[in-house]
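What's in work_25.cif: mmCIF, C-alpha atoms
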```
data_target
#
loop_
_atom_site.label_atom_id
_atom_site.label_comp_id
_atom_site.auth_asym_id
_atom_site.auth_seq_id
_atom_site.Cartn_x
_atom_site.Cartn_y
_atom_site.Cartn_z
CA MET O 4 57.00 336.94 128.02
CA ALA O 5 57.00 340.46 126.72
CA GLU O 6 59.94 340.57 124.40
CA LYS O 7 61.38 337.81 122.31
CA LEU O 8 64.96 337.37 121.34
CA HIS O 9 65.80 336.84 117.70
CA PHE O 10 68.09 333.88 117.27
CA ASP O 11 70.01 332.83 114.14
CA LEU O 12 72.08 329.69 113.86
CA VAL O 13 74.39 329.74 110.86
CA SER O 14 76.68 327.03 109.55
CA PRO O 15 79.20 327.59 106.75
CA GLU O 16 76.85 325.81 104.40
CA LYS O 17 73.61 327.58 105.22
CA LEU O 18 71.36 329.39 107.65
CA LEU O 19 70.16 326.51 109.80
CA TYR O 20 67.72 328.11 112.11
CA SER O 21 66.18 331.49 112.46
CA ALA O 22 63.43 332.20 114.94
CA SER O 23 62.45 334.01 118.10
CA ALA O 24 62.82 332.58 121.55
CA ASP O 25 62.43 333.65 125.17
CA MET O 26 65.95 332.69 126.09
CA VAL O 27 68.90 330.95 124.51
CA VAL O 28 71.64 329.35 126.58
CA VAL O 29 74.91 329.27 124.71
CA PRO O 30 77.93 327.17 125.71
CA GLY O 31 80.59 329.88 125.74
CA SER O 32 84.25 329.06 126.05
CA GLU O 33 84.28 330.62 129.53
CA GLY O 34 81.05 328.97 130.61
CA ASP O 35 77.41 328.82 129.58
CA PHE O 36 75.56 332.05 129.30
CA GLY O 37 71.90 332.82 128.80
CA VAL O 38 70.82 335.48 126.36
CA LEU O 39 67.52 337.28 126.67
CA ALA O 40 66.14 340.10 124.60
CA GLY O 41 68.05 343.32 125.21
CA HIS O 42 71.31 341.64 126.14
CA ALA O 43 74.38 343.84 125.96
CA PRO O 44 76.51 343.43 122.82
CA LEU O 45 78.84 340.48 123.24
CA ILE O 46 81.17 338.37 121.18
CA SER O 47 82.19 335.02 122.55
CA ILE O 48 83.81 331.84 121.34
CA VAL O 49 81.48 328.86 121.46
CA ARG O 50 82.81 325.56 122.70
CA THR O 51 81.56 322.14 121.70
CA GLY O 52 78.32 321.68 123.55
CA ILE O 53 74.57 322.10 123.57
CA ILE O 54 72.59 325.22 122.82
CA ASP O 55 69.33 325.40 124.74
CA VAL O 56 66.56 327.34 123.09
CA LYS O 57 63.77 328.04 125.54
CA GLY O 58 60.32 329.09 124.47
CA SER O 59 60.85 329.11 120.73
CA GLU O 60 58.02 330.25 118.49
CA ASP O 61 56.10 326.99 118.55
CA GLY O 62 56.49 326.91 122.32
CA ALA O 63 58.75 323.89 122.41
CA ASP O 64 62.24 323.89 123.84
CA LEU O 65 65.01 323.01 121.44
CA ARG O 66 68.40 321.53 122.09
CA ILE O 67 71.06 321.81 119.43
CA PHE O 68 74.51 320.31 119.39
CA VAL O 69 77.18 322.70 118.09
CA ARG O 70 80.87 322.32 117.49
CA GLY O 71 83.26 325.19 117.19
CA GLY O 72 82.20 328.69 116.45
CA LEU O 73 81.31 332.10 117.60
CA ALA O 74 78.34 333.81 119.21
CA GLU O 75 77.54 337.44 118.55
CA VAL O 76 74.93 339.39 120.47
CA THR O 77 73.77 342.65 118.97
CA PRO O 78 70.66 344.71 119.68
CA ALA O 79 69.14 342.89 116.70
CA GLY O 80 69.53 339.52 118.39
CA LEU O 81 71.82 336.57 118.83
CA THR O 82 73.78 334.97 116.02
CA VAL O 83 75.67 331.76 116.50
CA LEU O 84 78.18 330.81 113.82
CA ALA O 85 78.88 327.12 114.23
CA GLU O 86 81.13 324.96 112.14
CA GLU O 87 78.83 322.09 112.77
CA ALA O 88 75.36 321.88 114.23
CA MET O 89 72.64 319.29 114.53
CA PRO O 90 69.59 318.66 116.70
CA PHE O 91 70.51 317.00 119.97
CA GLU O 92 68.10 314.14 119.28
CA ASP O 93 70.03 313.23 116.14
CA LEU O 94 73.25 312.71 118.02
CA LYS O 95 74.24 309.07 118.01
CA ALA O 96 76.30 307.63 120.80
CA ALA O 97 78.24 305.50 118.32
CA ASP O 98 79.21 308.54 116.22
CA LEU O 99 80.35 310.41 119.28
CA ASP O 100 82.39 307.46 120.43
CA ALA O 101 84.08 307.25 117.04
CA ARG O 102 84.87 310.94 117.18
CA LEU O 103 86.17 310.66 120.70
CA ARG O 104 88.46 307.87 119.62
CA ASP O 105 89.78 309.98 116.71
CA LEU O 106 90.39 312.91 118.97
CA GLU O 107 92.08 310.78 121.57
CA GLU O 108 94.45 309.48 118.91
CA ASP O 109 95.14 312.98 117.64
CA PHE O 110 95.71 314.12 121.19
CA ALA O 111 98.15 311.30 121.86
CA ASP O 112 100.02 312.00 118.60
CA ALA O 113 100.16 315.77 118.94
CA ALA O 114 103.38 317.43 119.96
CA GLU O 115 103.38 319.41 123.17
CA GLY O 116 102.28 323.00 122.73
CA ARG O 117 99.28 324.97 121.68
CA THR O 118 97.80 322.36 119.38
CA LYS O 119 97.93 319.79 122.13
CA ARG O 120 96.25 322.13 124.56
CA HIS O 121 93.53 322.87 122.04
CA LEU O 122 92.96 319.20 121.36
CA GLY O 123 92.80 318.54 125.07
CA GLU O 124 90.11 321.16 125.49
CA ALA O 125 88.16 319.81 122.54
CA LEU O 126 88.41 316.34 124.01
CA ASP O 127 87.06 317.45 127.38
CA GLN O 128 84.18 319.26 125.76
CA LEU O 129 83.25 316.32 123.60
CA ARG O 130 83.38 314.00 126.62
CA GLN O 131 80.93 316.25 128.39
CA VAL O 132 78.53 316.04 125.47
CA ARG O 133 79.02 312.30 125.30
CA ALA O 134 77.99 312.01 128.94
CA LEU O 135 74.66 313.57 128.06
CA VAL O 136 73.86 311.05 125.36
CA ALA O 137 72.55 307.73 126.52
CA MET K 30 83.28 315.97 44.34
CA PRO K 31 82.66 314.33 47.73
CA SER K 32 80.22 311.49 47.58
CA LEU K 33 76.71 311.80 48.93
CA LYS K 34 77.41 309.12 51.45
CA SER K 35 80.26 311.06 53.04
CA PHE K 36 77.91 314.02 53.49
CA ARG K 37 75.31 311.86 55.15
CA VAL K 38 77.90 310.43 57.51
CA ARG K 39 79.17 313.85 58.48
CA ILE K 40 75.70 315.23 59.08
CA ALA K 41 74.86 312.27 61.28
CA SER K 42 78.06 312.74 63.27
CA VAL K 43 77.50 316.45 63.84
CA LYS K 44 73.93 315.70 64.87
CA SER K 45 75.08 313.32 67.54
CA THR K 46 77.60 315.87 68.74
CA ARG K 47 74.80 318.37 69.01
CA LYS K 48 72.81 315.93 71.10
CA ILE K 49 75.70 315.57 73.51
CA THR K 50 76.36 319.28 73.87
CA LYS K 51 72.66 319.93 74.28
CA ALA K 52 72.48 317.35 77.06
CA LEU K 53 75.56 318.77 78.76
CA ASN K 54 74.05 322.22 78.55
CA LEU K 55 70.92 321.05 80.33
CA VAL K 56 72.90 319.18 82.95
CA ALA K 57 75.07 322.24 83.59
CA ALA K 58 71.98 324.42 83.88
CA SER K 59 70.44 322.26 86.57
CA LYS K 60 73.72 321.89 88.43
CA LEU K 61 74.27 325.60 88.19
CA ARG K 62 71.05 326.21 90.03
CA ARG K 63 72.19 324.00 92.88
CA ALA K 64 75.68 325.48 92.96
CA GLN K 65 74.26 328.97 93.00
CA GLU K 66 71.98 328.07 95.87
CA ALA K 67 74.91 326.67 97.82
CA ALA K 68 76.88 329.86 97.22
CA VAL K 69 73.98 332.00 98.38
CA ASN K 70 73.39 329.82 101.44
CA ALA K 71 77.01 330.13 102.46
CA ARG K 72 76.92 333.88 102.36
CA PRO K 73 75.45 334.72 105.80
CA PHE K 74 78.19 332.84 107.62
CA ALA K 75 80.99 334.44 105.65
CA GLU K 76 79.49 337.90 105.95
CA ARG K 77 79.02 337.75 109.70
CA MET K 78 82.45 336.31 110.16
CA GLU K 79 83.89 339.11 108.09
CA ARG K 80 82.08 341.70 110.14
CA VAL K 81 83.33 340.37 113.44
CA LEU K 82 86.83 340.05 112.04
CA ALA K 83 86.75 343.58 110.73
CA ASN K 84 85.68 344.80 114.15
CA LEU K 85 88.39 342.90 115.93
CA GLY K 86 91.06 343.32 113.32
CA ALA K 87 90.78 347.07 113.17
CA SER K 88 91.63 347.28 116.86
CA MET K 89 94.47 344.78 116.58
CA VAL K 90 96.28 346.02 113.50
CA GLY K 91 99.68 347.35 114.44
CA ASN K 92 99.46 345.73 117.85
CA PRO K 93 102.63 343.72 118.43
CA GLY K 94 100.62 340.95 120.09
CA ALA K 95 98.50 340.45 116.99
CA PRO K 96 98.36 336.85 115.77
CA LYS K 97 100.68 335.91 112.93
CA LEU K 98 97.73 335.13 110.69
CA LEU K 99 96.75 338.78 110.83
CA SER K 100 100.07 340.56 110.92
CA GLY K 101 102.05 338.17 108.73
CA THR K 102 105.46 336.71 109.42
CA GLY K 103 107.19 339.97 108.73
CA ARG K 104 108.76 338.55 105.59
CA GLU K 105 107.42 338.05 102.13
CA ASP K 106 109.96 335.76 100.56
CA THR K 107 107.92 332.65 100.01
CA HIS K 108 104.52 332.77 98.45
CA LEU K 109 101.94 330.04 98.43
CA VAL K 110 99.68 330.26 95.41
CA ILE K 111 96.49 328.26 95.66
CA VAL K 112 94.88 327.80 92.27
CA ALA K 113 91.32 326.59 92.45
CA THR K 114 89.97 325.20 89.20
CA SER K 115 87.80 322.29 88.21
CA ASP K 116 88.60 318.68 87.46
CA ARG K 117 86.74 318.74 84.21
CA GLY K 118 86.91 320.72 81.05
CA LEU K 119 84.30 321.55 78.43
CA ALA K 120 83.67 324.87 80.08
CA GLY K 121 85.06 327.37 77.61
CA GLY K 122 87.77 329.57 79.02
CA PHE K 123 86.91 328.88 82.64
CA ASN K 124 90.04 327.00 83.66
CA SER K 125 92.44 328.75 81.33
CA ASN K 126 91.33 332.18 82.53
CA ILE K 127 92.09 331.31 86.14
CA ALA K 128 95.38 329.73 85.14
CA LYS K 129 96.29 332.77 83.09
CA LEU K 130 95.76 335.13 86.00
CA ALA K 131 97.72 332.83 88.29
CA ARG K 132 100.52 332.53 85.77
CA GLN K 133 100.86 336.30 85.50
CA HIS K 134 101.04 336.58 89.26
CA ILE K 135 103.60 333.79 89.55
CA ALA K 136 105.75 335.26 86.80
CA LYS K 137 105.73 338.59 88.58
CA LEU K 138 106.74 336.99 91.89
CA LEU K 139 109.51 334.96 90.30
CA ALA K 140 110.82 338.00 88.50
CA ALA K 141 111.00 339.76 91.85
CA GLY K 142 113.14 336.92 93.14
CA LYS K 143 110.53 335.39 95.44
CA GLN K 144 109.99 331.73 96.07
CA VAL K 145 106.72 330.36 94.82
CA LYS K 146 104.90 327.24 95.91
CA ILE K 147 101.77 326.18 94.09
CA LEU K 148 98.92 324.21 95.56
CA ALA K 149 96.46 323.24 92.89
CA ILE K 150 92.86 322.47 93.71
CA GLY K 151 91.38 320.67 90.74
CA ARG K 152 93.18 318.77 88.04
CA LYS K 153 92.79 321.25 85.21
CA GLY K 154 94.66 324.00 86.97
CA ARG K 155 97.55 321.73 87.67
CA ASP K 156 97.66 320.60 84.05
CA ALA K 157 97.73 324.18 82.86
CA LEU K 158 100.52 325.22 85.21
CA ARG K 159 102.57 322.07 84.97
CA ARG K 160 104.13 323.05 81.67
CA ASP K 161 105.84 326.16 83.03
CA TYR K 162 106.07 325.64 86.75
CA SER K 163 106.19 321.91 87.36
CA ARG K 164 108.95 322.39 89.91
CA ASN K 165 106.87 324.79 91.95
CA ILE K 166 103.78 322.64 92.30
CA ILE K 167 103.85 321.07 95.73
CA ASP K 168 100.58 319.18 95.51
CA THR K 169 97.27 318.79 93.78
CA ILE K 170 93.97 318.26 95.49
CA GLU K 171 91.66 316.45 93.14
CA LEU K 172 88.01 317.06 93.61
CA GLY K 173 87.33 313.83 91.76
CA GLY K 174 84.19 312.23 93.03
CA VAL K 175 83.16 315.13 95.24
CA LYS K 176 79.65 315.85 94.07
CA ALA K 177 78.93 319.01 95.96
CA VAL K 178 81.63 320.99 97.69
CA GLY K 179 81.22 320.46 101.42
CA PHE K 180 82.71 322.50 104.20
CA ALA K 181 84.67 319.45 105.29
CA THR K 182 86.66 319.51 102.03
CA ALA K 183 87.52 323.17 102.45
CA HIS K 184 88.35 322.59 106.09
CA GLY K 185 90.78 319.83 105.17
CA ILE K 186 92.57 322.10 102.71
CA ALA K 187 92.64 324.92 105.24
CA THR K 188 94.18 322.66 107.87
CA ARG K 189 96.95 321.76 105.48
CA VAL K 190 97.61 325.34 104.55
CA LEU K 191 97.66 326.38 108.20
CA ASP K 192 100.00 323.55 109.14
CA MET K 193 102.38 324.70 106.43
CA TYR K 194 102.12 328.25 107.68
CA GLU K 195 102.84 327.19 111.25
CA ALA K 196 105.86 325.30 109.99
CA GLY K 197 107.07 328.47 108.30
CA GLU K 198 106.89 327.04 104.80
CA PHE K 199 105.49 330.23 103.32
CA ASP K 200 104.84 333.85 104.26
CA ILE K 201 101.95 334.89 102.07
CA ALA K 202 99.11 332.83 100.67
CA THR K 203 96.96 333.87 97.77
CA ILE K 204 94.03 332.01 96.31
CA PHE K 205 92.92 332.21 92.69
CA TYR K 206 89.38 331.36 91.75
CA SER K 207 86.59 332.53 89.55
CA ARG K 208 84.00 334.82 91.03
CA PHE K 209 80.50 334.13 89.83
CA GLN K 210 78.98 337.29 88.49
CA SER K 211 76.32 335.89 86.21
CA VAL K 212 75.76 332.95 83.93
CA ILE K 213 77.64 334.66 81.14
CA SER K 214 80.33 336.37 83.14
CA GLN K 215 82.76 334.82 85.59
CA VAL K 216 85.62 336.93 86.80
CA PRO K 217 88.96 335.30 87.61
CA THR K 218 89.88 336.71 91.00
CA MET K 219 92.91 336.80 93.20
CA GLN K 220 92.51 337.05 96.93
CA ARG K 221 95.04 337.16 99.72
CA LEU K 222 94.34 334.53 102.37
CA ILE K 223 97.26 334.90 104.75
CA PRO K 224 97.85 337.35 106.31
CA ALA K 225 94.15 338.04 106.52
CA GLU K 226 92.86 341.00 104.63
CA VAL K 227 90.81 343.04 107.05
CA SER K 228 88.69 345.75 105.58
CA GLN K 229 88.20 348.78 107.75
CA ALA K 230 84.99 350.11 106.28
CA PRO K 231 82.50 347.43 107.40
CA GLY K 232 83.80 347.73 110.95
CA ALA K 233 82.63 351.29 111.16
CA ALA K 234 79.25 350.35 109.75
CA ALA K 235 78.84 347.51 112.23
CA SER K 236 79.53 349.60 115.28
CA ALA K 237 76.99 352.10 114.04
CA ASP K 238 74.13 349.64 114.39
CA LEU K 239 75.13 349.01 117.98
CA ASN K 240 73.96 352.52 118.81
CA GLY K 241 77.37 353.36 120.18
CA ALA K 242 77.44 350.40 122.55
CA ILE K 243 80.67 348.47 122.82
CA TYR K 244 81.04 344.75 122.52
CA THR K 245 82.02 342.67 125.48
CA TYR K 246 84.53 340.07 124.42
CA GLU K 247 84.68 336.68 125.99
CA PRO K 248 87.42 335.55 126.52
CA ASP K 249 89.44 338.53 125.23
CA GLU K 250 89.93 340.00 121.79
CA GLU K 251 93.25 338.35 121.24
CA GLU K 252 92.00 334.87 121.96
CA ILE K 253 88.91 335.31 119.86
CA LEU K 254 91.06 336.44 116.98
CA ALA K 255 93.39 333.50 117.45
CA ASP K 256 90.38 331.21 117.29
CA LEU K 257 88.67 333.02 114.46
CA LEU K 258 91.48 333.58 111.99
CA PRO K 259 92.13 329.90 111.24
CA ARG K 260 88.40 329.38 110.81
CA ASN K 261 88.31 332.32 108.50
CA VAL K 262 90.88 330.71 106.22
CA ALA K 263 88.64 327.67 105.91
CA VAL K 264 85.60 329.85 105.27
CA GLN K 265 87.39 331.83 102.58
CA ILE K 266 88.58 328.68 100.85
CA PHE K 267 85.10 327.26 101.11
CA ARG K 268 83.64 330.37 99.58
CA ALA K 269 86.17 330.37 96.77
CA MET K 270 85.32 326.76 96.02
CA LEU K 271 81.60 327.44 95.98
CA GLU K 272 82.01 330.46 93.74
CA ASN K 273 84.19 328.33 91.53
CA ALA K 274 81.60 325.59 91.31
CA ALA K 275 78.90 328.05 90.32
CA SER K 276 81.24 329.73 87.82
CA PHE K 277 82.21 326.41 86.34
CA PHE K 278 78.66 325.40 85.59
CA GLY K 279 77.87 328.86 84.31
CA ALA K 280 80.84 328.73 81.97
CA GLN K 281 79.99 325.21 80.93
CA MET K 282 76.42 326.15 80.22
CA THR K 283 77.48 329.05 78.01
CA ALA K 284 80.14 327.01 76.26
CA MET K 285 77.76 324.16 75.58
CA ASP K 286 75.08 326.54 74.41
CA ASN K 287 77.53 327.98 71.91
CA ALA K 288 78.62 324.54 70.85
CA THR K 289 75.02 323.46 70.30
CA ARG K 290 74.30 326.50 68.22
CA ASN K 291 77.48 326.05 66.23
CA ALA K 292 76.62 322.41 65.59
CA GLY K 293 73.24 323.57 64.27
CA ASP K 294 74.95 325.97 61.88
CA VAL K 295 77.31 323.28 60.67
CA ILE K 296 74.39 320.92 60.08
CA ASP K 297 72.54 323.57 58.07
CA LYS K 298 75.59 324.24 55.92
CA LEU K 299 76.27 320.58 55.34
CA THR K 300 72.63 319.95 54.46
CA ILE K 301 72.70 322.67 51.84
CA GLN K 302 75.91 321.27 50.38
CA TYR K 303 74.44 317.79 50.44
CA ASN K 304 71.33 318.93 48.57
CA ARG K 305 73.33 320.90 46.03
CA THR K 306 75.54 317.91 45.33
CA ARG K 307 72.51 315.65 45.03
CA GLN K 308 70.83 318.02 42.60
CA ALA K 309 74.02 318.38 40.57
CA MET K 310 74.25 314.64 40.29
CA ILE K 311 70.66 314.33 39.13
CA THR K 312 71.19 317.08 36.58
CA LYS K 313 74.32 315.39 35.35
CA GLU K 314 72.54 312.08 34.94
CA LEU K 315 69.69 313.76 33.07
CA ILE K 316 72.13 315.48 30.73
CA GLU K 317 73.82 312.18 30.09
CA ILE K 318 70.49 310.50 29.25
CA ILE K 319 69.32 313.37 27.06
CA SER K 320 72.55 313.72 25.18
CA GLY K 321 72.63 309.96 24.75
CA ALA K 322 69.12 310.03 23.28
CA GLU K 323 70.01 312.92 21.00
CA ALA K 324 73.03 311.12 19.67
CA LEU K 325 70.86 308.34 18.36
#
```
Let me see the structure of the file written as C-alpha cells.
Amino acid sequence: MAEKLHFDLVSPEKLLYSASADMVVVPGSEGDFGVLAGHAPLISIVRTGIIDVKGSEDGADLRIFVRGGLAEVTPAGLTVLAEEAMPFEDLKAADLDARLRDLEEDFADAAEGRTKRHLGEALDQLRQVRALVA
Amino acid sequence: MPSLKSFRVRIASVKSTRKITKALNLVAASKLRRAQEAAVNARPFAERMERVLANLGASMVGNPGAPKLLSGTGREDTHLVIVATSDRGLAGGFNSNIAKLARQHIAKLLAAGKQVKILAIGRKGRDALRRDYSRNIIDTIELGGVKAVGFATAHGIATRVLDMYEAGEFDIATIFYSRFQSVISQVPTMQRLIPAEVSQAPGAAASADLNGAIYTYEPDEEEILADLLPRNVAVQIFRAMLENAASFFGAQMTAMDNATRNAGDVIDKLTIQYNRTRQAMITKELIEIISGAEAL
C-alpha cells in the first residue's frame, strides 16, 4: 500500500503503541469505523471493544482490547486515548466474567437515570467482547 | 568537662544517623527516577486530552447546554479543597509547603463566608490541616501501601469527587499539589478541577495544524464533552498525584542530602572536641606527674 497511517495508542499511564499501519478499525460509540491514511479530521468516543490494526509495520495484524476513551484523527494520524488497553490475546475469559458480574451488580444497584443508562451501555459492550473470547 | 566516653557515644550515634540519611537519600534518588519516568509517560495522554477539550470547550463556553462540569453550577458557595500530599515525612518542606498554600486559600474562602470541605489525599496533609480545620475535613485517602500511583487510584478518587458534585455537595473543586520542576525545586500549585479550566490558546494552535479543516464529531460535541469531562477530572487528579510523587522524592532526596552533610559536619566538630579533650587530659596527667616528681 502506498501510504501508511500513523497510529498512536495512549493510556493515562504511558504511550502504549506507536507505529504505522495500513488501516485501523476503531470501535466508535456510533459504530466501528476504519481509518486509512488521509482520513478527514474526526473526534469520536470509543466504546469498549476491539481495535483492529491491519498491516502494521511488521506485517502482522494486531487486535487490541480497549475500554473507554477517545479517538482523534488528524492529518498527522490517528490517536486513541484509552483508559485501559491490552492485547486481545491477553484477555482472560475469567477476568471478563468477573468484570461482567461487577457491572451487572452495579447496574442492578444503580438508580434510574443517566448513570443507569451508561452502565447498561457498558454492560452491552462488555458482553459483546466476552462473546469473542473463548 | 564531658567525659571522653560521652563523646565517643555521641560520635557513634551521629554516624549511624548519617548512615540512615545516606541510605534514604539513595533510595529516594532511585525512586525519583521511576516517579519522574511515570510523570513523563503520563504526559501524552493528558496533553492530547487537553487539546481536544480546549477545542471543544472553546465552542461550548457560554452555551446554555454546556455540561455542568464545564460551566459550573452557577453558584460558588461551597468549595471542595483537595489537598494532595504524601503519607510519609522526611522530605523537608514538601508537605508543609503544600499545606501552607492550601491553608491560605481556605482562610481566604472562609473569610469570604464560603463553605469549605477538605478532602485530603495522603496522611501528612490531613495532619497539617487537622489542627485548624478539623471540622472541614470530610475524608482522608491514605496512599498507604500503594507503591506506585496507578490510574485506578486516581480514577477511584475522581469517581468520588464526581459523585459528590452530582449530589450538589460542592460547587467548585480545587486541587493542591506540588509541581515537579527539578530535583531541588518543587512548586506548590493550586489548580481548579471543577468547573474545568479550558485554555483558549492551545485550541487555536491545534486547529492550525489541521490546515483549516474542521473536525467531524461523533456523536456530537455535547456528548463527547459529557463523556470527556469526567475522564478529564480523573486525568488531572492522576497527573497531580504523579507530579506529587516525583516532587516528594525530589524533596526527600534534597532533604536527606542536607541531613547527611550536616551529620558529617557534626561528626567533624565532635571529633575535634573529642581530640582536644583527650589531649587536655593527657597534658593534665603529665603536669600532675611532673609536679609530683618535682615536689620530691
Selection result of the PyMOL selection byres ((chain O) within 6 of (chain K)) on this file, as number ranges by chain: O: 13, 15-17, 44-47
Explicit residue set for the PyMOL selection byres ((chain O and resi 69) around 10), as a list in words: Leu12, Ser14, Val29, Pro30, Val49, Arg50, Thr51, Gly52, Ile53, Ile54, Arg66, Ile67, Phe68, Arg70, Gly71, Gly72, Val83, Leu84, Ala85, Glu86, Glu87, Ala88, Met89, Pro90 and Phe91 of chain O
Compile the contact shell of O:Leu106 as a PDB file with C-alpha atoms, in the frame of the given file: residues with an atom at most 7 Å away, counting all atoms listed in the file, same-chain residues fewer than 4 positions apart removed.
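Okay, this is what ended up in around.pdb:
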```pdb
ATOM      1  CA  ARG O 102      84.870 310.940 117.180  1.00  0.00           C
ATOM      2  CA  PHE O 110      95.710 314.120 121.190  1.00  0.00           C
ATOM      3  CA  LEU O 126      88.410 316.340 124.010  1.00  0.00           C
TER       4      LEU O 126
END
```
Output of the PyMOL selection byres ((chain K and resi 258) around 12), listed as an MDAnalysis selection string: (chainID O and resid 72:73) or (chainID K and resid 78:79 81:83 85:86 95:101 187:188 191 222:227 250:257 259:265)
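Our summary of the geometry notes that atom CA of K:Arg80 is positioned 20.7 Å from atom CA of O:Val38.
Here atom CA of K:Arg208 is placed at a distance of 8.5 Å from atom CA of K:Ala275.
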Residues within 9 Å of (99.6, 323.1, 97.1), counting all atoms listed in the file, listed as a PyMOL selection string: chain K and resi 109-112+146-150+166-170+189-190
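The space between atom CA of O:Asp100 and atom CA of O:Thr118 spans 21.5 Å.
The smallest atom-to-atom distance between K:Phe277 and any of K:Ile319, K:Ile213, K:Leu138, K:Ile40, using all atoms listed in the file, is found for K:Ile213.
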Residue contacts of K:Ala57 (8 Å, all atoms listed in the file) excluding same-chain residues fewer than 2 positions away, as a PyMOL selection string: chain K and resi 53-55+59-61+278-279+281-282
For O:His42: contacts at 8 Å, all atoms listed in the file, fewer than 5 positions along chain excluded, given as a PyMOL selection string: chain O and resi 76-78
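The shell of residues at most 10 Å from K:Lys51, with all atoms listed in the file counted and near chain neighbours (fewer than 6 positions) removed, consists of Ser45, Ala57, Met282, Met285, Asp286, Asn287, Ala288, Thr289, Arg290 and Ala292 of chain K.
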Put a box with edges along x, y and z around all the listed atoms of stretch 16-19 of chain O, pad it by 5 Å on each side, then give me its centre and sizes in Å, one decimal, as AutoDock Vina command-line options.
```
--center_x 73.5 --center_y 327.6 --center_z 107.1 --size_x 16.7 --size_y 13.6 --size_z 15.4
```
